[in-house]
>>> print(open('final_8.cif').read())   # mmCIF, C-alpha atoms
data_run
loop_
_atom_site.label_atom_id
_atom_site.label_comp_id
_atom_site.auth_asym_id
_atom_site.auth_seq_id
_atom_site.Cartn_x
_atom_site.Cartn_y
_atom_site.Cartn_z
CA MET S 1 -14.86 -6.54 13.31
CA LEU S 2 -12.04 -9.05 13.85
CA THR S 3 -12.03 -8.93 17.62
CA ASN S 4 -10.96 -12.57 17.99
CA GLN S 5 -8.04 -12.35 15.58
CA LYS S 6 -4.42 -11.91 16.61
CA ILE S 7 -2.26 -10.16 14.03
CA LEU S 8 1.54 -10.05 13.80
CA PHE S 9 3.49 -7.52 11.74
CA ILE S 10 6.95 -8.72 10.77
CA GLY S 11 8.64 -5.41 10.13
CA ALA S 12 8.15 -2.10 11.93
CA GLY S 13 8.47 0.42 9.10
CA PRO S 14 6.19 3.37 8.24
CA MET S 15 3.73 1.22 6.28
CA SER S 16 3.28 -1.16 9.22
CA GLU S 17 2.63 1.82 11.45
CA ALA S 18 0.10 3.30 9.02
CA ILE S 19 -1.84 0.03 8.93
CA ILE S 20 -1.67 -0.41 12.71
CA SER S 21 -2.92 3.14 13.23
CA GLY S 22 -5.80 2.58 10.81
CA ILE S 23 -6.78 -0.73 12.41
CA ILE S 24 -6.88 0.82 15.87
CA GLN S 25 -8.73 3.98 14.79
CA SER S 26 -11.40 1.93 13.02
CA SER S 27 -11.57 -0.70 15.80
CA VAL S 28 -11.08 -3.56 13.34
CA ILE S 29 -8.75 -5.38 15.75
CA PRO S 30 -8.20 -4.30 19.38
CA ALA S 31 -4.75 -2.92 20.20
CA GLN S 32 -4.11 -5.76 22.65
CA GLN S 33 -4.45 -8.22 19.74
CA ILE S 34 -1.78 -6.46 17.62
CA TYR S 35 1.88 -7.52 17.74
CA VAL S 36 5.00 -6.31 15.96
CA GLN S 37 8.26 -8.16 15.47
CA ASN S 38 11.38 -6.33 14.39
CA ARG S 39 14.82 -7.81 13.82
CA SER S 40 17.05 -5.30 15.58
CA ASN S 41 15.60 -1.82 16.13
CA THR S 42 14.57 -1.99 19.76
CA ALA S 43 14.03 1.76 19.96
CA ARG S 44 11.51 1.59 17.12
CA LEU S 45 9.61 -1.21 18.85
CA LYS S 46 9.43 0.78 22.09
CA GLU S 47 8.18 3.80 20.16
CA LEU S 48 5.32 1.81 18.58
CA GLN S 49 4.46 0.13 21.86
CA LYS S 50 4.20 3.42 23.71
CA LYS S 51 2.28 5.20 20.94
CA TYR S 52 -0.32 2.50 20.21
CA GLN S 53 -0.33 0.33 23.34
CA ILE S 54 0.41 -2.78 21.27
CA HIS S 55 2.70 -5.74 21.93
CA VAL S 56 6.22 -5.94 20.50
CA TYR S 57 8.68 -8.77 20.06
CA ASN S 58 12.29 -9.12 19.23
CA GLU S 59 13.23 -11.89 16.82
CA LYS S 60 13.79 -14.63 19.39
CA ASP S 61 10.65 -14.23 21.46
CA VAL S 62 7.89 -14.63 18.86
CA HIS S 63 5.82 -17.83 18.57
CA LEU S 64 4.27 -17.74 15.13
CA THR S 65 1.60 -20.36 15.77
CA GLU S 66 -0.23 -17.95 18.08
CA PHE S 67 -1.37 -15.66 15.26
CA ASN S 68 -4.32 -15.81 12.89
CA ILE S 69 -2.85 -13.22 10.51
CA ILE S 70 0.80 -12.51 9.71
CA VAL S 71 1.73 -9.37 7.77
CA LEU S 72 5.06 -9.46 5.95
CA ALA S 73 6.42 -5.92 5.79
CA VAL S 74 10.16 -6.35 5.19
CA GLN S 75 12.58 -5.53 2.39
CA PRO S 76 12.81 -8.16 -0.39
CA LYS S 77 16.45 -8.78 0.52
CA ASN S 78 15.34 -10.16 3.90
CA ILE S 79 12.62 -12.45 2.62
CA GLU S 80 14.56 -15.73 2.53
CA GLU S 81 15.32 -15.42 6.23
CA ILE S 82 11.66 -14.73 6.98
CA ILE S 83 10.52 -17.68 4.85
CA ASN S 84 12.83 -19.99 6.79
CA GLN S 85 11.34 -18.64 9.98
CA LEU S 86 7.81 -19.29 8.73
CA LYS S 87 7.89 -22.59 6.89
CA ASN S 88 8.64 -24.89 9.79
CA THR S 89 6.25 -23.31 12.27
CA ILE S 90 3.09 -21.90 10.67
CA HIS S 91 -0.03 -23.91 9.87
CA THR S 92 -2.48 -23.68 6.97
CA ASN S 93 -5.16 -21.89 9.01
CA GLN S 94 -2.97 -18.79 9.21
CA LEU S 95 -3.39 -16.02 6.64
CA ILE S 96 -0.23 -14.43 5.22
CA LEU S 97 -0.58 -10.84 3.98
CA SER S 98 2.44 -9.69 2.00
CA ILE S 99 3.03 -5.99 1.41
CA ILE S 100 6.55 -6.69 0.11
CA THR S 101 7.21 -4.84 -3.13
CA SER S 102 7.69 -6.99 -6.24
CA MET S 103 7.36 -10.37 -4.50
CA ASN S 104 4.82 -12.49 -6.40
CA ILE S 105 2.37 -14.88 -4.78
CA ASP S 106 3.97 -17.85 -6.59
CA TYR S 107 7.19 -17.23 -4.70
CA PHE S 108 5.44 -17.76 -1.37
CA GLU S 109 3.22 -20.63 -2.49
CA GLU S 110 6.23 -22.59 -3.75
CA ARG S 111 7.91 -22.31 -0.36
CA LEU S 112 4.92 -22.33 2.01
CA MET S 113 2.81 -25.26 0.88
CA LYS S 114 -0.97 -24.66 0.70
CA GLN S 115 -0.66 -21.46 2.70
CA PRO S 116 -3.36 -18.78 2.24
CA ILE S 117 -1.47 -15.83 0.73
CA ILE S 118 -2.80 -12.42 -0.23
CA ARG S 119 -0.51 -9.86 -1.81
CA VAL S 120 -1.45 -6.31 -0.89
CA MET S 121 -0.14 -3.01 -2.23
CA PRO S 122 -1.16 0.12 -0.30
CA ASN S 123 0.11 3.49 -1.46
CA THR S 124 1.67 6.35 0.45
CA SER S 125 -1.69 7.97 1.22
CA SER S 126 -2.26 5.18 3.74
CA MET S 127 -0.47 7.52 6.15
CA VAL S 128 -3.65 9.64 6.23
CA CYS S 129 -6.09 6.73 5.76
CA GLU S 130 -6.71 7.65 2.11
CA SER S 131 -4.86 4.80 0.42
CA ALA S 132 -5.74 3.21 -2.88
CA THR S 133 -4.85 -0.39 -2.04
CA ALA S 134 -4.63 -3.28 -4.49
CA MET S 135 -5.21 -6.85 -3.34
CA ALA S 136 -4.37 -10.04 -5.28
CA VAL S 137 -5.38 -13.40 -3.80
CA GLY S 138 -3.53 -16.70 -3.85
CA LYS S 139 -4.98 -20.07 -4.83
CA TYR S 140 -5.36 -21.31 -1.24
CA THR S 141 -7.38 -18.37 0.06
CA ASN S 142 -11.10 -18.54 0.78
CA ASN S 143 -13.82 -15.91 1.15
CA HIS S 144 -13.14 -15.56 4.87
CA HIS S 145 -9.48 -14.71 4.20
CA ILE S 146 -10.46 -12.18 1.55
CA GLU S 147 -13.02 -10.47 3.77
CA MET S 148 -10.56 -10.27 6.69
CA SER S 149 -7.99 -8.67 4.42
CA LYS S 150 -10.51 -6.17 3.07
CA MET S 151 -11.57 -5.18 6.57
CA ILE S 152 -7.96 -4.56 7.59
CA PHE S 153 -7.02 -2.47 4.57
CA ARG S 154 -10.29 -0.55 4.38
CA SER S 155 -9.13 0.98 7.65
CA ILE S 156 -6.54 2.95 5.64
CA GLY S 157 -8.59 3.75 2.52
CA GLU S 158 -10.22 2.02 -0.45
CA VAL S 159 -9.44 -1.58 -1.48
CA TYR S 160 -9.48 -2.94 -5.04
CA THR S 161 -9.24 -6.67 -5.76
CA ILE S 162 -7.27 -7.17 -8.97
CA ALA S 163 -5.45 -9.95 -10.81
CA GLU S 164 -1.81 -10.12 -9.81
CA LYS S 165 -0.75 -9.60 -13.43
CA HIS S 166 -2.19 -6.08 -13.14
CA MET S 167 -0.08 -5.10 -10.11
CA ASP S 168 2.47 -3.30 -12.28
CA ILE S 169 -0.07 -1.03 -13.97
CA PHE S 170 -1.58 -0.41 -10.53
CA THR S 171 1.89 0.72 -9.46
CA GLY S 172 1.98 3.06 -12.46
CA ILE S 173 -1.32 4.63 -11.46
CA ALA S 174 -1.73 4.41 -7.69
CA GLY S 175 1.71 3.54 -6.39
CA SER S 176 3.50 6.35 -8.20
CA GLY S 177 0.44 8.51 -8.92
CA PRO S 178 0.74 10.64 -5.78
CA ALA S 179 4.19 11.78 -6.97
CA TYR S 180 2.66 13.03 -10.24
CA PHE S 181 0.15 15.11 -8.32
CA TYR S 182 2.85 16.45 -6.01
CA ALA S 183 4.89 17.47 -9.07
CA LEU S 184 1.81 19.22 -10.51
CA MET S 185 1.21 20.98 -7.21
CA GLU S 186 4.82 22.20 -7.13
CA GLN S 187 4.39 23.91 -10.50
CA MET S 188 1.00 25.39 -9.61
CA GLU S 189 2.36 26.73 -6.30
CA SER S 190 5.35 28.29 -8.03
CA VAL S 191 3.21 30.17 -10.54
CA ALA S 192 0.72 31.28 -7.86
CA ILE S 193 3.51 32.74 -5.71
CA GLU S 194 5.07 34.48 -8.73
CA GLY S 195 1.61 35.93 -9.43
CA GLY S 196 1.49 37.53 -5.99
CA LEU S 197 -0.70 35.21 -3.91
CA PRO S 198 0.43 35.03 -0.28
CA LYS S 199 2.75 32.04 0.11
CA GLN S 200 1.02 30.87 3.30
CA GLN S 201 -2.28 30.50 1.42
CA VAL S 202 -1.07 28.98 -1.82
CA ARG S 203 -0.50 25.40 -0.64
CA SER S 204 -3.98 25.14 0.82
CA ILE S 205 -5.55 26.62 -2.32
CA VAL S 206 -3.75 24.21 -4.65
CA ALA S 207 -4.37 21.17 -2.44
CA GLN S 208 -8.06 21.99 -2.04
CA THR S 209 -8.39 22.46 -5.80
CA ILE S 210 -7.05 18.96 -6.49
CA LEU S 211 -8.99 17.43 -3.60
CA GLY S 212 -12.24 19.02 -4.78
CA ALA S 213 -11.71 17.85 -8.35
CA ALA S 214 -11.15 14.27 -7.16
CA ARG S 215 -14.27 14.38 -5.02
CA MET S 216 -16.33 15.54 -7.99
CA VAL S 217 -15.32 12.38 -9.86
CA LEU S 218 -15.80 10.10 -6.86
CA GLY S 219 -19.20 11.67 -6.24
CA ASN S 220 -20.39 10.52 -9.68
CA ASN S 221 -20.78 14.08 -10.92
CA GLY S 222 -19.44 13.03 -14.30
CA SER S 223 -16.46 11.41 -15.99
CA PRO S 224 -13.11 13.25 -15.99
CA GLU S 225 -13.70 14.04 -19.67
CA THR S 226 -17.17 15.48 -19.04
CA LEU S 227 -16.03 17.51 -16.04
CA ARG S 228 -13.03 18.85 -17.96
CA LYS S 229 -15.29 20.01 -20.79
CA ASN S 230 -17.68 21.62 -18.30
CA VAL S 231 -14.85 23.69 -16.82
CA ALA S 232 -13.23 24.61 -20.13
CA ALA S 233 -15.59 27.12 -21.78
CA PRO S 234 -14.74 27.95 -25.41
CA ASN S 235 -12.11 30.70 -25.67
CA GLY S 236 -11.97 30.92 -21.88
CA PRO S 237 -8.95 30.86 -19.54
CA THR S 238 -9.24 27.15 -18.79
CA GLU S 239 -9.22 26.24 -22.47
CA ALA S 240 -6.12 28.42 -22.89
CA GLY S 241 -4.42 26.48 -20.11
CA LEU S 242 -5.35 23.11 -21.64
CA VAL S 243 -4.03 24.27 -25.01
CA ALA S 244 -0.74 25.08 -23.32
CA LEU S 245 -0.65 21.63 -21.69
CA GLU S 246 -1.17 20.04 -25.08
CA SER S 247 1.36 22.28 -26.82
CA PHE S 248 4.10 21.59 -24.29
CA GLY S 249 3.45 17.85 -24.25
CA GLY S 250 1.94 17.83 -20.78
CA LEU S 251 -0.98 15.53 -21.56
CA LYS S 252 1.21 13.05 -23.42
CA ALA S 253 3.80 13.28 -20.63
CA ILE S 254 1.22 12.05 -18.11
CA LYS S 255 0.54 8.93 -20.20
CA GLU S 256 4.24 8.33 -20.70
CA ALA S 257 4.89 8.72 -16.96
CA VAL S 258 2.40 5.95 -16.17
CA LYS S 259 3.81 3.74 -18.93
CA ASN S 260 7.40 4.27 -17.77
CA THR S 261 6.52 3.54 -14.15
CA THR S 262 4.71 0.36 -15.18
CA LYS S 263 7.64 -0.74 -17.35
CA ARG S 264 10.15 -0.14 -14.57
CA SER S 265 7.95 -2.02 -12.08
CA ILE S 266 7.95 -5.03 -14.43
CA GLU S 267 11.74 -4.83 -14.78
CA ILE S 268 12.24 -4.73 -11.01
CA ASN S 269 9.92 -7.72 -10.55
CA GLU S 270 11.93 -9.67 -13.11
CA GLU S 271 15.22 -8.71 -11.44
CA ILE S 272 13.99 -9.84 -8.04
CA GLU S 273 12.57 -13.09 -9.44
CA LYS S 274 15.91 -13.93 -11.09
CA SER S 275 17.75 -13.35 -7.82
CA TYR S 276 15.71 -16.11 -6.12
CA ILE S 277 15.76 -18.75 -8.87
#
>>> encode(input="final_8.cif", output="C-alpha coordinates")
Amino acid sequence: MLTNQKILFIGAGPMSEAIISGIIQSSVIPAQQIYVQNRSNTARLKELQKKYQIHVYNEKDVHLTEFNIIVLAVQPKNIEEIINQLKNTIHTNQLILSIITSMNIDYFEERLMKQPIIRVMPNTSSMVCESATAMAVGKYTNNHHIEMSKMIFRSIGEVYTIAEKHMDIFTGIAGSGPAYFYALMEQMESVAIEGGLPKQQVRSIVAQTILGAARMVLGNNGSPETLRKNVAAPNGPTEAGLVALESFGGLKAIKEAVKNTTKRSIEINEEIEKSYI
(Lines of atoms letter the chains of each structure in order from A and count residues from 1; the text may use other names and numbers.)
(Lines give C-alpha, C1' and ligand atoms only; values in the text may rest on other atoms or scores of the structure.)
Protein backbone atom coordinates (compact mmCIF):
# COMPACT_ATOMS: atom_id res chain seq x y z
CA MET A 1 0.00 0.00 0.00
CA LEU A 2 1.07 3.61 -0.62
CA THR A 3 -0.07 5.00 2.70
CA ASN A 4 2.69 7.62 2.83
CA GLN A 5 2.09 8.98 -0.66
CA LYS A 6 0.10 12.11 -1.45
CA ILE A 7 -1.55 12.09 -4.87
CA LEU A 8 -2.97 15.04 -6.82
CA PHE A 9 -5.36 14.71 -9.74
CA ILE A 10 -5.29 17.68 -12.10
CA GLY A 11 -8.68 17.33 -13.70
CA ALA A 12 -11.95 16.14 -12.16
CA GLY A 13 -13.54 14.20 -15.02
CA PRO A 14 -15.11 10.71 -14.97
CA MET A 15 -11.77 8.93 -15.39
CA SER A 16 -10.28 10.74 -12.40
CA GLU A 17 -13.30 9.74 -10.37
CA ALA A 18 -13.05 6.10 -11.48
CA ILE A 19 -9.40 5.95 -10.39
CA ILE A 20 -10.10 7.73 -7.10
CA SER A 21 -12.95 5.33 -6.36
CA GLY A 22 -10.75 2.32 -7.12
CA ILE A 23 -7.88 3.61 -4.99
CA ILE A 24 -10.15 4.15 -2.01
CA GLN A 25 -12.01 0.84 -2.37
CA SER A 26 -8.73 -1.08 -2.54
CA SER A 27 -7.08 1.00 0.22
CA VAL A 28 -4.04 1.74 -1.96
CA ILE A 29 -3.92 5.36 -0.74
CA PRO A 30 -6.06 6.70 2.12
CA ALA A 31 -8.77 9.20 1.14
CA GLN A 32 -7.13 11.91 3.25
CA GLN A 33 -4.03 11.63 1.03
CA ILE A 34 -5.99 12.20 -2.21
CA TYR A 35 -6.41 15.68 -3.70
CA VAL A 36 -8.14 17.00 -6.81
CA GLN A 37 -7.54 20.27 -8.59
CA ASN A 38 -10.01 21.58 -11.13
CA ARG A 39 -9.79 24.80 -13.09
CA SER A 40 -13.31 26.16 -12.76
CA ASN A 41 -16.04 23.65 -11.90
CA THR A 42 -16.50 24.27 -8.19
CA ALA A 43 -19.69 22.24 -8.08
CA ARG A 44 -17.86 19.19 -9.42
CA LEU A 45 -15.14 19.56 -6.79
CA LYS A 46 -17.72 19.75 -4.00
CA GLU A 47 -19.44 16.67 -5.38
CA LEU A 48 -16.21 14.63 -5.29
CA GLN A 49 -15.28 15.93 -1.87
CA LYS A 50 -18.62 14.96 -0.38
CA LYS A 51 -18.76 11.56 -2.09
CA TYR A 52 -15.21 10.37 -1.32
CA GLN A 53 -14.12 12.52 1.63
CA ILE A 54 -11.05 13.72 -0.29
CA HIS A 55 -9.43 17.15 -0.52
CA VAL A 56 -10.15 19.55 -3.38
CA TYR A 57 -8.40 22.63 -4.68
CA ASN A 58 -9.17 25.40 -7.04
CA GLU A 59 -6.38 26.48 -9.38
CA LYS A 60 -4.84 29.13 -7.13
CA ASP A 61 -4.62 27.20 -3.89
CA VAL A 62 -2.56 24.15 -4.89
CA HIS A 63 1.13 23.79 -3.93
CA LEU A 64 2.54 21.18 -6.28
CA THR A 65 5.68 20.44 -4.27
CA GLU A 66 3.57 18.75 -1.58
CA PHE A 67 2.70 15.73 -3.74
CA ASN A 68 4.54 12.51 -4.47
CA ILE A 69 2.35 11.64 -7.46
CA ILE A 70 0.61 13.98 -9.90
CA VAL A 71 -2.01 12.59 -12.30
CA LEU A 72 -2.64 14.64 -15.43
CA ALA A 73 -6.25 14.11 -16.49
CA VAL A 74 -7.06 17.10 -18.70
CA GLN A 75 -7.91 17.63 -22.36
CA PRO A 76 -4.89 17.94 -24.71
CA LYS A 77 -5.91 21.51 -25.52
CA ASN A 78 -5.20 22.51 -21.91
CA ILE A 79 -1.82 20.83 -21.60
CA GLU A 80 0.43 23.84 -22.31
CA GLU A 81 -1.13 25.72 -19.42
CA ILE A 82 -0.62 22.73 -17.13
CA ILE A 83 3.00 22.32 -18.24
CA ASN A 84 3.70 25.95 -17.41
CA GLN A 85 2.16 25.36 -14.00
CA LEU A 86 4.37 22.31 -13.43
CA LYS A 87 7.78 23.15 -14.83
CA ASN A 88 8.78 25.89 -12.43
CA THR A 89 7.56 24.18 -9.27
CA ILE A 90 7.88 20.38 -9.34
CA HIS A 91 11.03 18.44 -8.45
CA THR A 92 12.50 15.26 -9.90
CA ASN A 93 11.32 13.07 -7.02
CA GLN A 94 7.71 13.54 -8.10
CA LEU A 95 6.09 10.98 -10.41
CA ILE A 96 3.91 12.29 -13.24
CA LEU A 97 1.17 9.94 -14.47
CA SER A 98 -0.42 11.12 -17.70
CA ILE A 99 -3.77 9.73 -18.79
CA ILE A 100 -4.07 12.39 -21.51
CA THR A 101 -5.08 10.87 -24.83
CA SER A 102 -2.50 11.04 -27.62
CA MET A 103 0.17 12.93 -25.66
CA ASN A 104 3.49 11.10 -26.00
CA ILE A 105 6.07 10.80 -23.24
CA ASP A 106 8.63 12.73 -25.34
CA TYR A 107 6.39 15.78 -25.20
CA PHE A 108 6.60 15.86 -21.41
CA GLU A 109 10.28 14.92 -21.14
CA GLU A 110 11.27 17.76 -23.48
CA ARG A 111 9.49 20.28 -21.27
CA LEU A 112 9.95 18.77 -17.80
CA MET A 113 13.63 17.93 -17.59
CA LYS A 114 14.52 14.54 -16.07
CA GLN A 115 11.01 14.12 -14.70
CA PRO A 116 9.73 10.57 -14.09
CA ILE A 117 6.82 10.20 -16.53
CA ILE A 118 4.53 7.24 -17.04
CA ARG A 119 1.84 7.35 -19.70
CA VAL A 120 -1.24 5.36 -18.75
CA MET A 121 -4.29 4.44 -20.80
CA PRO A 122 -7.23 2.96 -18.88
CA ASN A 123 -10.38 2.04 -20.77
CA THR A 124 -14.01 2.76 -20.02
CA SER A 125 -14.45 -0.40 -17.93
CA SER A 126 -12.44 1.35 -15.22
CA MET A 127 -15.83 2.67 -14.10
CA VAL A 128 -16.58 -0.82 -12.73
CA CYS A 129 -12.98 -1.68 -11.79
CA GLU A 130 -12.58 -3.99 -14.81
CA SER A 131 -10.25 -1.85 -16.92
CA ALA A 132 -7.62 -3.12 -19.30
CA THR A 133 -4.97 -0.46 -18.68
CA ALA A 134 -1.80 0.07 -20.72
CA MET A 135 1.28 1.63 -19.14
CA ALA A 136 4.35 2.99 -20.98
CA VAL A 137 7.30 4.23 -18.93
CA GLY A 138 9.59 7.18 -19.56
CA LYS A 139 13.38 7.14 -19.48
CA TYR A 140 13.66 8.75 -16.04
CA THR A 141 11.42 6.29 -14.19
CA ASN A 142 12.72 3.63 -11.84
CA ASN A 143 11.26 0.39 -10.48
CA HIS A 144 9.70 2.20 -7.53
CA HIS A 145 7.79 4.53 -9.86
CA ILE A 146 6.61 1.60 -11.97
CA GLU A 147 5.42 -0.39 -8.96
CA MET A 148 3.56 2.62 -7.53
CA SER A 149 1.81 3.14 -10.86
CA LYS A 150 0.86 -0.54 -11.09
CA MET A 151 -0.59 -0.51 -7.59
CA ILE A 152 -2.72 2.53 -8.40
CA PHE A 153 -4.12 1.21 -11.67
CA ARG A 154 -4.59 -2.37 -10.49
CA SER A 155 -7.25 -0.87 -8.26
CA ILE A 156 -9.41 -0.41 -11.39
CA GLY A 157 -8.53 -3.61 -13.27
CA GLU A 158 -5.59 -5.29 -15.00
CA VAL A 159 -2.39 -3.44 -15.98
CA TYR A 160 -0.19 -4.23 -18.99
CA THR A 161 3.24 -2.64 -19.44
CA ILE A 162 3.84 -2.04 -23.14
CA ALA A 163 6.15 -0.03 -25.38
CA GLU A 164 4.71 3.38 -26.16
CA LYS A 165 4.85 2.63 -29.88
CA HIS A 166 2.15 0.00 -29.25
CA MET A 167 -0.32 2.43 -27.62
CA ASP A 168 -2.26 2.87 -30.86
CA ILE A 169 -2.90 -0.84 -31.38
CA PHE A 170 -3.83 -1.04 -27.69
CA THR A 171 -6.39 1.68 -28.43
CA GLY A 172 -7.70 -0.43 -31.31
CA ILE A 173 -8.17 -3.43 -29.04
CA ALA A 174 -8.85 -2.23 -25.50
CA GLY A 175 -9.67 1.45 -25.86
CA SER A 176 -12.34 0.95 -28.51
CA GLY A 177 -12.95 -2.76 -27.92
CA PRO A 178 -15.81 -2.27 -25.46
CA ALA A 179 -17.76 -0.44 -28.19
CA TYR A 180 -17.43 -3.48 -30.48
CA PHE A 181 -18.89 -5.71 -27.79
CA TYR A 182 -21.70 -3.24 -27.10
CA ALA A 183 -22.52 -3.21 -30.83
CA LEU A 184 -22.57 -7.03 -30.83
CA MET A 185 -24.82 -7.04 -27.77
CA GLU A 186 -27.23 -4.63 -29.47
CA GLN A 187 -27.69 -7.03 -32.38
CA MET A 188 -28.02 -10.09 -30.16
CA GLU A 189 -30.60 -8.33 -27.97
CA SER A 190 -32.61 -7.27 -31.00
CA VAL A 191 -32.83 -10.79 -32.39
CA ALA A 192 -33.64 -12.28 -28.96
CA ILE A 193 -36.54 -9.86 -28.46
CA GLU A 194 -37.84 -10.52 -31.99
CA GLY A 195 -37.69 -14.23 -31.14
CA GLY A 196 -40.00 -13.73 -28.17
CA LEU A 197 -37.70 -13.69 -25.14
CA PRO A 198 -38.93 -11.31 -22.43
CA LYS A 199 -37.22 -7.95 -22.91
CA GLN A 200 -36.41 -7.61 -19.20
CA GLN A 201 -34.37 -10.84 -19.32
CA VAL A 202 -32.58 -10.41 -22.61
CA ARG A 203 -29.92 -7.91 -21.55
CA SER A 204 -28.81 -10.06 -18.63
CA ILE A 205 -28.71 -13.18 -20.80
CA VAL A 206 -26.59 -11.53 -23.50
CA ALA A 207 -24.25 -9.84 -21.01
CA GLN A 208 -23.75 -13.05 -19.03
CA THR A 209 -23.03 -14.95 -22.24
CA ILE A 210 -20.21 -12.57 -23.19
CA LEU A 211 -18.92 -12.36 -19.61
CA GLY A 212 -18.84 -16.15 -19.29
CA ALA A 213 -17.03 -16.55 -22.59
CA ALA A 214 -14.36 -14.06 -21.51
CA ARG A 215 -13.90 -15.82 -18.19
CA MET A 216 -13.38 -19.14 -19.96
CA VAL A 217 -10.43 -17.62 -21.83
CA LEU A 218 -9.03 -15.85 -18.76
CA GLY A 219 -9.37 -19.07 -16.78
CA ASN A 220 -6.97 -20.83 -19.18
CA ASN A 221 -9.67 -23.20 -20.39
CA GLY A 222 -8.30 -22.94 -23.91
CA SER A 223 -7.49 -20.44 -26.64
CA PRO A 224 -10.35 -18.54 -28.33
CA GLU A 225 -9.84 -20.77 -31.38
CA THR A 226 -10.03 -23.99 -29.34
CA LEU A 227 -13.07 -22.83 -27.38
CA ARG A 228 -14.83 -21.73 -30.57
CA LYS A 229 -14.28 -25.15 -32.13
CA ASN A 230 -15.52 -26.85 -28.96
CA VAL A 231 -18.80 -24.92 -29.11
CA ALA A 232 -19.30 -25.28 -32.87
CA ALA A 233 -20.24 -28.94 -33.44
CA PRO A 234 -20.30 -30.00 -37.12
CA ASN A 235 -23.65 -29.19 -38.77
CA GLY A 236 -24.92 -27.74 -35.50
CA PRO A 237 -26.60 -24.37 -34.82
CA THR A 238 -23.38 -22.67 -33.71
CA GLU A 239 -21.58 -23.64 -36.91
CA ALA A 240 -24.54 -22.27 -38.88
CA GLY A 241 -24.17 -18.97 -37.05
CA LEU A 242 -20.43 -18.80 -37.69
CA VAL A 243 -21.02 -19.53 -41.38
CA ALA A 244 -23.40 -16.58 -41.47
CA LEU A 245 -20.80 -14.35 -39.78
CA GLU A 246 -18.27 -15.35 -42.42
CA SER A 247 -20.72 -14.96 -45.29
CA PHE A 248 -21.79 -11.47 -44.26
CA GLY A 249 -18.22 -10.32 -43.62
CA GLY A 250 -18.60 -10.21 -39.86
CA LEU A 251 -15.27 -11.85 -39.02
CA LYS A 252 -13.35 -9.67 -41.47
CA ALA A 253 -15.26 -6.62 -40.21
CA ILE A 254 -13.90 -7.20 -36.69
CA LYS A 255 -10.31 -7.16 -37.97
CA GLU A 256 -10.98 -4.08 -40.07
CA ALA A 257 -12.58 -2.31 -37.10
CA VAL A 258 -9.42 -2.79 -35.02
CA LYS A 259 -7.22 -1.72 -37.93
CA ASN A 260 -9.31 1.40 -38.60
CA THR A 261 -9.32 2.38 -34.94
CA THR A 262 -5.55 1.95 -34.76
CA LYS A 263 -5.05 3.99 -37.93
CA ARG A 264 -7.24 6.81 -36.67
CA SER A 265 -5.44 6.81 -33.31
CA ILE A 266 -2.12 7.26 -35.15
CA GLU A 267 -3.58 10.11 -37.21
CA ILE A 268 -4.88 11.90 -34.11
CA ASN A 269 -1.49 11.53 -32.40
CA GLU A 270 0.21 13.06 -35.43
CA GLU A 271 -2.29 15.93 -35.54
CA ILE A 272 -1.76 16.73 -31.88
CA GLU A 273 2.04 16.50 -32.20
CA LYS A 274 2.02 18.95 -35.12
CA SER A 275 -0.06 21.43 -33.13
CA TYR A 276 2.69 21.65 -30.46
CA ILE A 277 5.76 21.82 -32.70
>>> closest_residue(input="final_8.cif", among="S:Leu95, S:Leu86, S:Gln49, S:Pro178", to="S:Ser131", atoms="only C-alpha atoms")
S:Pro178
>>> closest_residue(input="final_8.cif", among="S:Glu225, S:Glu158, S:Glu256, S:Glu164", to="S:Asn123", atoms="all atoms listed in the file")
S:Glu158
>>> resolve_selection(input="final_8.cif", expression="the PyMOL selection byres ((chain S and resi 98) around 12)", output="MDAnalysis selection string")
chainID S and resid 8:11 15:16 69:76 79 82:83 95:97 99:109 116:122 134:138 149
>>> residues_near_point(input="final_8.cif", point="(2.7, 3.1, -7.8)", cutoff="9 Å", atoms="all atoms listed in the file", output="number ranges by chain")
S: 121-124, 167-179, 258, 261-262, 265
>>> atom_distance(input="final_8.cif", atom1="atom CA of S:Gln5", atom2="atom CA of S:Lys77")
29.0 Å
>>> atom_distance(input="final_8.cif", atom1="atom CA of S:Ala31", atom2="atom CA of S:Ala12")
15.3 Å
>>> atom_distance(input="final_8.cif", atom1="atom CA of S:Val36", atom2="atom CA of S:Ala132")
23.7 Å
>>> residues_around(input="final_8.cif", residues="S:Tyr35", least_positions_apart="5", cutoff="8 Å", atoms="all atoms listed in the file", output="list in words")
Lys6, Ile7, Leu8, Phe9, Ile54, His55, Val56 and Tyr57 of chain S
>>> resolve_selection(input="final_8.cif", expression="the PyMOL selection byres ((chain S and resi 226-232) around 12)", output="number ranges by chain")
S: 212-225, 233-243
>>> closest_residue(input="final_8.cif", among="S:Arg39, S:His145, S:Lys139, S:Lys255", to="S:Asn78", atoms="only C-alpha atoms")
S:Arg39
>>> residues_near_point(input="final_8.cif", point="(3.9, -23.4, 13.5)", cutoff="9 Å", atoms="only C-alpha atoms", output="list in words")
His63, Leu64, Thr65, Glu66, Leu86, Lys87, Asn88, Thr89, Ile90 and His91 of chain S
>>> axis_aligned_box(input="final_8.cif", around="stretch 146-152 of chain S", padding_each_side="8 Å", output="JSON")
{"center_x": -10.5, "center_y": -8.4, "center_z": 4.6, "size_x": 21.1, "size_y": 23.6, "size_z": 22.0}
>>> resolve_selection(input="final_8.cif", expression="the PyMOL selection byres ((chain S and resi 18-21) around 9)", output="count of residues only")
22
